[in-house]
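**Student:** Starting off with a structure, shown below.
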Amino acid sequence: MKKALIIIPTFNEAENIIQLIDAIFSLKIDGVETNILVIDDGSKDGTSDMVKKLSNDRITVIDRERKMGLGTAYILGFKYAIEKGYDYVFEMDADFSHDPKALPAFFANIESNDLIIGSRYIEGIAVVNWPLRRLILSIGASYYTRLITGLPVKDVTAGFMCYKVGTLKQIDLDSIKSNGYSFQIEMKYRIWKKGFKLLEIPIVFIDRRAGVSKMNRKIVYEASFMVWKLIYMSIFRKL
Ligand SMILES: Nc1nc2c(ncn2[C@@H]2O[C@H](COP(=O)(O)OP(=O)(O)OP(=O)(O)O)[C@@H](O)[C@H]2O)c(=O)[nH]1
Ligand SMILES: [Mg+2]
């Protein structure tokens, strides 16, 4: 039986996390054992304790003291998955933007690919309840990245993804320092550059159900700069 780890980084997601875990575990996924890793960055709203109280042996919680960003949380989760012998690893947000019902479609495609990307922009625009400026920013980021780097992906900042662990093993995880949007772009770019097979599947992205947004200007500036850094790194073979 294959083993999948769903990594969910959390920062103040008490209003969402328990319902999300319930929704994931209520899915019937044949032939795959699915476990959850929550990486919480010192949430003050009790997120971590709520998850621990479930005391379910399919759930692991890693506590970090302070908010250290999404990228470092995922890198930690990837290393955990490699160490524990998982076959597949998911990136998933805690806020219900990523519908757990889409999980079976990822499983159906991952065996014949190396990275599955849940994409908002392959069947028109599948985003619900986002302010227009955020939609423009997100679609703009994809055009900008594709233009500069050639990355053949329509939703470059997508954060609902499934990796084969074998793919992650080929990436120098310690050299990845980016966070937020740029982390999502960097992972896709590196995997594409190594010649792996990426597949975008359609998802519907819904704005966070509850809780507070952590989106800020710094994340956008960092991402705009990142694509140039990626070009530099690929020219000097630092990838
Ligand atoms: N561990 C950890 N998790 C984080 C951090 N920043 C965000 N997250 C979590 O990462 C996921 C995605 O972050 P979001 O805040 O939803 O980012 P977003 O979808 O771009 O923006 P909003 O939904 O508007 O907030 C959520 O589960 C957050 O709780 C962080 O610094 N550390
Ligand atoms: Mg969100």
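By convention here, the chains of the structure tokens are called A, B, ... in the order presented, each chain's residues are numbered starting at 1, and ligands are numbered starting at 1 in the order presented.
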May I have the residues within 7 Å of Phe205 of chain A as a list in words, using only C-alpha atoms and disregarding those fewer than 2 positions away in the same chain?

**Tutor:**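 Listed by chain and then number, they are Ser97, His98, Arg120, Ala126, Val127, Val128, Ile203 and Asp207 of chain A.
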
**Student:** Can I get the residues close to ligand 1 as a PyMOL selection string, where close means within 8 Å and we count only C-alpha atoms and all ligand atoms?

**Tutor:** chain A and resi 8-13+38-41+64+66-73+92-95+97+159+180-181+207-208+211-215

**Student:** Just the residues within 8 Å of segment 58-61 of chain A, please, counting only C-alpha atoms, with nothing from its chain fewer than 3 positions along; format it as a VMD selection string.

**Tutor:** chain A and resid 34 to 40 48 51 to 52 55

**Student:** If you keep all heavy atoms, can you produce a file of those selected residues as a PDB file, in the first residue's frame?

**Tutor:**
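See again.pdb below for the written result:
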ATOM      1  N   THR A  34      -3.404   7.529   4.050  1.00  0.00           N
ATOM      2  CA  THR A  34      -3.216   8.985   4.067  1.00  0.00           C
ATOM      3  C   THR A  34      -3.050   9.495   5.486  1.00  0.00           C
ATOM      4  O   THR A  34      -3.920   9.291   6.330  1.00  0.00           O
ATOM      5  CB  THR A  34      -4.446   9.671   3.425  1.00  0.00           C
ATOM      6  OG1 THR A  34      -4.712   9.034   2.176  1.00  0.00           O
ATOM      7  CG2 THR A  34      -4.189  11.137   3.185  1.00  0.00           C
ATOM      8  N   ASN A  35      -1.929  10.144   5.743  1.00  0.00           N
ATOM      9  CA  ASN A  35      -1.674  10.734   7.048  1.00  0.00           C
ATOM     10  C   ASN A  35      -1.522  12.246   6.924  1.00  0.00           C
ATOM     11  O   ASN A  35      -1.322  12.755   5.827  1.00  0.00           O
ATOM     12  CB  ASN A  35      -0.413  10.124   7.666  1.00  0.00           C
ATOM     13  CG  ASN A  35      -0.580   8.639   7.942  1.00  0.00           C
ATOM     14  OD1 ASN A  35      -1.685   8.170   8.220  1.00  0.00           O
ATOM     15  ND2 ASN A  35       0.503   7.894   7.827  1.00  0.00           N
ATOM     16  N   ILE A  36      -1.618  12.908   8.058  1.00  0.00           N
ATOM     17  CA  ILE A  36      -1.566  14.381   8.065  1.00  0.00           C
ATOM     18  C   ILE A  36      -0.421  14.861   8.959  1.00  0.00           C
ATOM     19  O   ILE A  36      -0.218  14.328  10.055  1.00  0.00           O
ATOM     20  CB  ILE A  36      -2.912  14.963   8.559  1.00  0.00           C
ATOM     21  CG1 ILE A  36      -4.019  14.695   7.519  1.00  0.00           C
ATOM     22  CG2 ILE A  36      -2.804  16.464   8.851  1.00  0.00           C
ATOM     23  CD1 ILE A  36      -5.410  15.142   7.939  1.00  0.00           C
ATOM     24  N   LEU A  37       0.304  15.842   8.464  1.00  0.00           N
ATOM     25  CA  LEU A  37       1.319  16.511   9.280  1.00  0.00           C
ATOM     26  C   LEU A  37       0.961  17.991   9.373  1.00  0.00           C
ATOM     27  O   LEU A  37       0.922  18.696   8.361  1.00  0.00           O
ATOM     28  CB  LEU A  37       2.716  16.360   8.634  1.00  0.00           C
ATOM     29  CG  LEU A  37       3.846  17.151   9.299  1.00  0.00           C
ATOM     30  CD1 LEU A  37       4.122  16.650  10.724  1.00  0.00           C
ATOM     31  CD2 LEU A  37       5.136  17.073   8.461  1.00  0.00           C
ATOM     32  N   VAL A  38       0.670  18.438  10.584  1.00  0.00           N
ATOM     33  CA  VAL A  38       0.378  19.864  10.807  1.00  0.00           C
ATOM     34  C   VAL A  38       1.649  20.519  11.334  1.00  0.00           C
ATOM     35  O   VAL A  38       2.259  20.023  12.282  1.00  0.00           O
ATOM     36  CB  VAL A  38      -0.783  20.037  11.822  1.00  0.00           C
ATOM     37  CG1 VAL A  38      -0.945  21.505  12.216  1.00  0.00           C
ATOM     38  CG2 VAL A  38      -2.079  19.496  11.241  1.00  0.00           C
ATOM     39  N   ILE A  39       2.065  21.595  10.686  1.00  0.00           N
ATOM     40  CA  ILE A  39       3.243  22.326  11.174  1.00  0.00           C
ATOM     41  C   ILE A  39       2.768  23.696  11.635  1.00  0.00           C
ATOM     42  O   ILE A  39       2.389  24.547  10.824  1.00  0.00           O
ATOM     43  CB  ILE A  39       4.319  22.428  10.079  1.00  0.00           C
ATOM     44  CG1 ILE A  39       4.728  21.013   9.650  1.00  0.00           C
ATOM     45  CG2 ILE A  39       5.518  23.230  10.601  1.00  0.00           C
ATOM     46  CD1 ILE A  39       5.781  20.944   8.588  1.00  0.00           C
ATOM     47  N   ASP A  40       2.716  23.863  12.939  1.00  0.00           N
ATOM     48  CA  ASP A  40       2.135  25.090  13.501  1.00  0.00           C
ATOM     49  C   ASP A  40       3.225  26.015  14.037  1.00  0.00           C
ATOM     50  O   ASP A  40       4.123  25.585  14.745  1.00  0.00           O
ATOM     51  CB  ASP A  40       1.158  24.721  14.629  1.00  0.00           C
ATOM     52  CG  ASP A  40       0.428  25.963  15.124  1.00  0.00           C
ATOM     53  OD1 ASP A  40      -0.404  26.484  14.364  1.00  0.00           O
ATOM     54  OD2 ASP A  40       0.726  26.426  16.242  1.00  0.00           O
ATOM     55  N   SER A  48      -2.679  24.285  17.537  1.00  0.00           N
ATOM     56  CA  SER A  48      -1.871  23.087  17.766  1.00  0.00           C
ATOM     57  C   SER A  48      -2.498  22.168  18.816  1.00  0.00           C
ATOM     58  O   SER A  48      -2.604  20.950  18.613  1.00  0.00           O
ATOM     59  CB  SER A  48      -0.464  23.528  18.186  1.00  0.00           C
ATOM     60  OG  SER A  48       0.260  22.448  18.667  1.00  0.00           O
ATOM     61  N   VAL A  51      -5.479  20.152  17.577  1.00  0.00           N
ATOM     62  CA  VAL A  51      -5.126  18.999  16.742  1.00  0.00           C
ATOM     63  C   VAL A  51      -4.590  17.868  17.615  1.00  0.00           C
ATOM     64  O   VAL A  51      -4.954  16.700  17.439  1.00  0.00           O
ATOM     65  CB  VAL A  51      -4.097  19.388  15.648  1.00  0.00           C
ATOM     66  CG1 VAL A  51      -3.716  18.166  14.826  1.00  0.00           C
ATOM     67  CG2 VAL A  51      -4.651  20.497  14.762  1.00  0.00           C
ATOM     68  N   LYS A  52      -3.758  18.238  18.582  1.00  0.00           N
ATOM     69  CA  LYS A  52      -3.189  17.200  19.465  1.00  0.00           C
ATOM     70  C   LYS A  52      -4.286  16.484  20.244  1.00  0.00           C
ATOM     71  O   LYS A  52      -4.190  15.283  20.509  1.00  0.00           O
ATOM     72  CB  LYS A  52      -2.189  17.826  20.432  1.00  0.00           C
ATOM     73  CG  LYS A  52      -0.865  18.157  19.765  1.00  0.00           C
ATOM     74  CD  LYS A  52       0.044  18.834  20.763  1.00  0.00           C
ATOM     75  CE  LYS A  52       1.196  19.501  20.052  1.00  0.00           C
ATOM     76  NZ  LYS A  52       1.702  20.654  20.793  1.00  0.00           N
ATOM     77  N   SER A  55      -5.763  13.232  19.292  1.00  0.00           N
ATOM     78  CA  SER A  55      -4.879  12.078  19.506  1.00  0.00           C
ATOM     79  C   SER A  55      -5.176  10.918  18.554  1.00  0.00           C
ATOM     80  O   SER A  55      -5.499   9.813  18.952  1.00  0.00           O
ATOM     81  CB  SER A  55      -4.856  11.634  20.972  1.00  0.00           C
ATOM     82  OG  SER A  55      -6.148  11.343  21.422  1.00  0.00           O
TER      83      SER A  55
END

**Student:** Show which residues sit within 9 Å of Val227 of chain A, as JSON, numbers by chain. Count only C-alpha atoms, and ignore same-chain residues fewer than 6 positions away.

**Tutor:** {"A": [144, 145, 148, 149, 182, 185, 186]}

**Student:** Using only C-alpha atoms and all ligand atoms, pick whichever of A:Phe183, A:Tyr189, A:Trp130, A:Trp228 has the shortest atom-to-atom distance to ligand 2.

**Tutor:**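 Among the listed residues, the smallest separation from ligand 2 belongs to A:Trp130.
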
**Student:** Which is closest to Asp99 of chain A among A:Ile116, A:Ile206, A:Met161, A:Thr167, if we use only C-alpha atoms?

**Tutor:**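 Using only C-alpha atoms, Asp99 of chain A sits closest to A:Ile206.
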
**Student:** Report as a list in words all protein, DNA and RNA residues lying within 12 Å of Ile139 of chain A, evaluated on only C-alpha atoms, omitting residues in the same chain fewer than 3 positions from it.

**Tutor:**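 Listed by chain and then number, they are Ser119, Arg120, Tyr121, Ile122, Gly124, Ile125, Ala126, Val127, Leu132, Arg133, Arg134, Leu135, Ile136, Ser142, Tyr143, Tyr144, Thr145, Arg146, Val153, Lys154, Asp155, Val156, Thr157 and Ala158 of chain A.
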
**Student:** Those same residues - C-alpha atoms - I'd like them written as a compact mmCIF listing (two decimals), in the first residue's frame.

**Tutor:**
# COMPACT_ATOMS: atom_id res chain seq x y z
CA SER A 119 -4.60 24.82 -10.95
CA ARG A 120 -7.11 27.67 -10.91
CA TYR A 121 -6.45 28.78 -14.46
CA ILE A 122 -6.72 25.86 -16.84
CA GLY A 124 -11.07 29.55 -17.42
CA ILE A 125 -10.72 31.15 -14.00
CA ALA A 126 -11.87 28.99 -11.10
CA VAL A 127 -11.58 31.33 -8.14
CA LEU A 132 -10.43 41.58 -8.27
CA ARG A 133 -7.05 43.02 -7.33
CA ARG A 134 -5.97 39.72 -5.84
CA LEU A 135 -7.08 37.82 -8.89
CA ILE A 136 -5.16 40.20 -11.14
CA SER A 142 1.74 33.54 -13.69
CA TYR A 143 2.17 35.56 -16.92
CA TYR A 144 5.23 37.34 -15.56
CA THR A 145 6.89 34.11 -14.41
CA ARG A 146 6.13 32.27 -17.65
CA VAL A 153 2.57 26.33 -15.81
CA LYS A 154 -0.62 28.37 -15.83
CA ASP A 155 -0.93 28.77 -12.07
CA VAL A 156 2.59 29.36 -10.80
CA THR A 157 1.65 30.36 -7.26
CA ALA A 158 -0.66 27.37 -6.74

**Student:** Could you pull out all residues of segment 41-160 of chain A with a DSSP call of strand (DSSP E or B) and give them as number ranges by chain?

**Tutor:** A: 41, 59-64, 88-91, 115-119, 127-128

**Student:** Just the number, please: distance in Å from atom CA of Ile110 of chain A to atom CA of Tyr163 of chain A, one decimal.

**Tutor:**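 Interatomic distance, atom CA of Ile110 of chain A to atom CA of Tyr163 of chain A: 7.6 Å.
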
**Student:** Mind checking which residues fall within 10 Å of Asp114 of chain A, counting only C-alpha atoms, ignoring those fewer than 2 positions away in the same chain, and posting them as a ChimeraX atom specification?

**Tutor:** /A:88,109-112,116,162-168,191-192,195-199
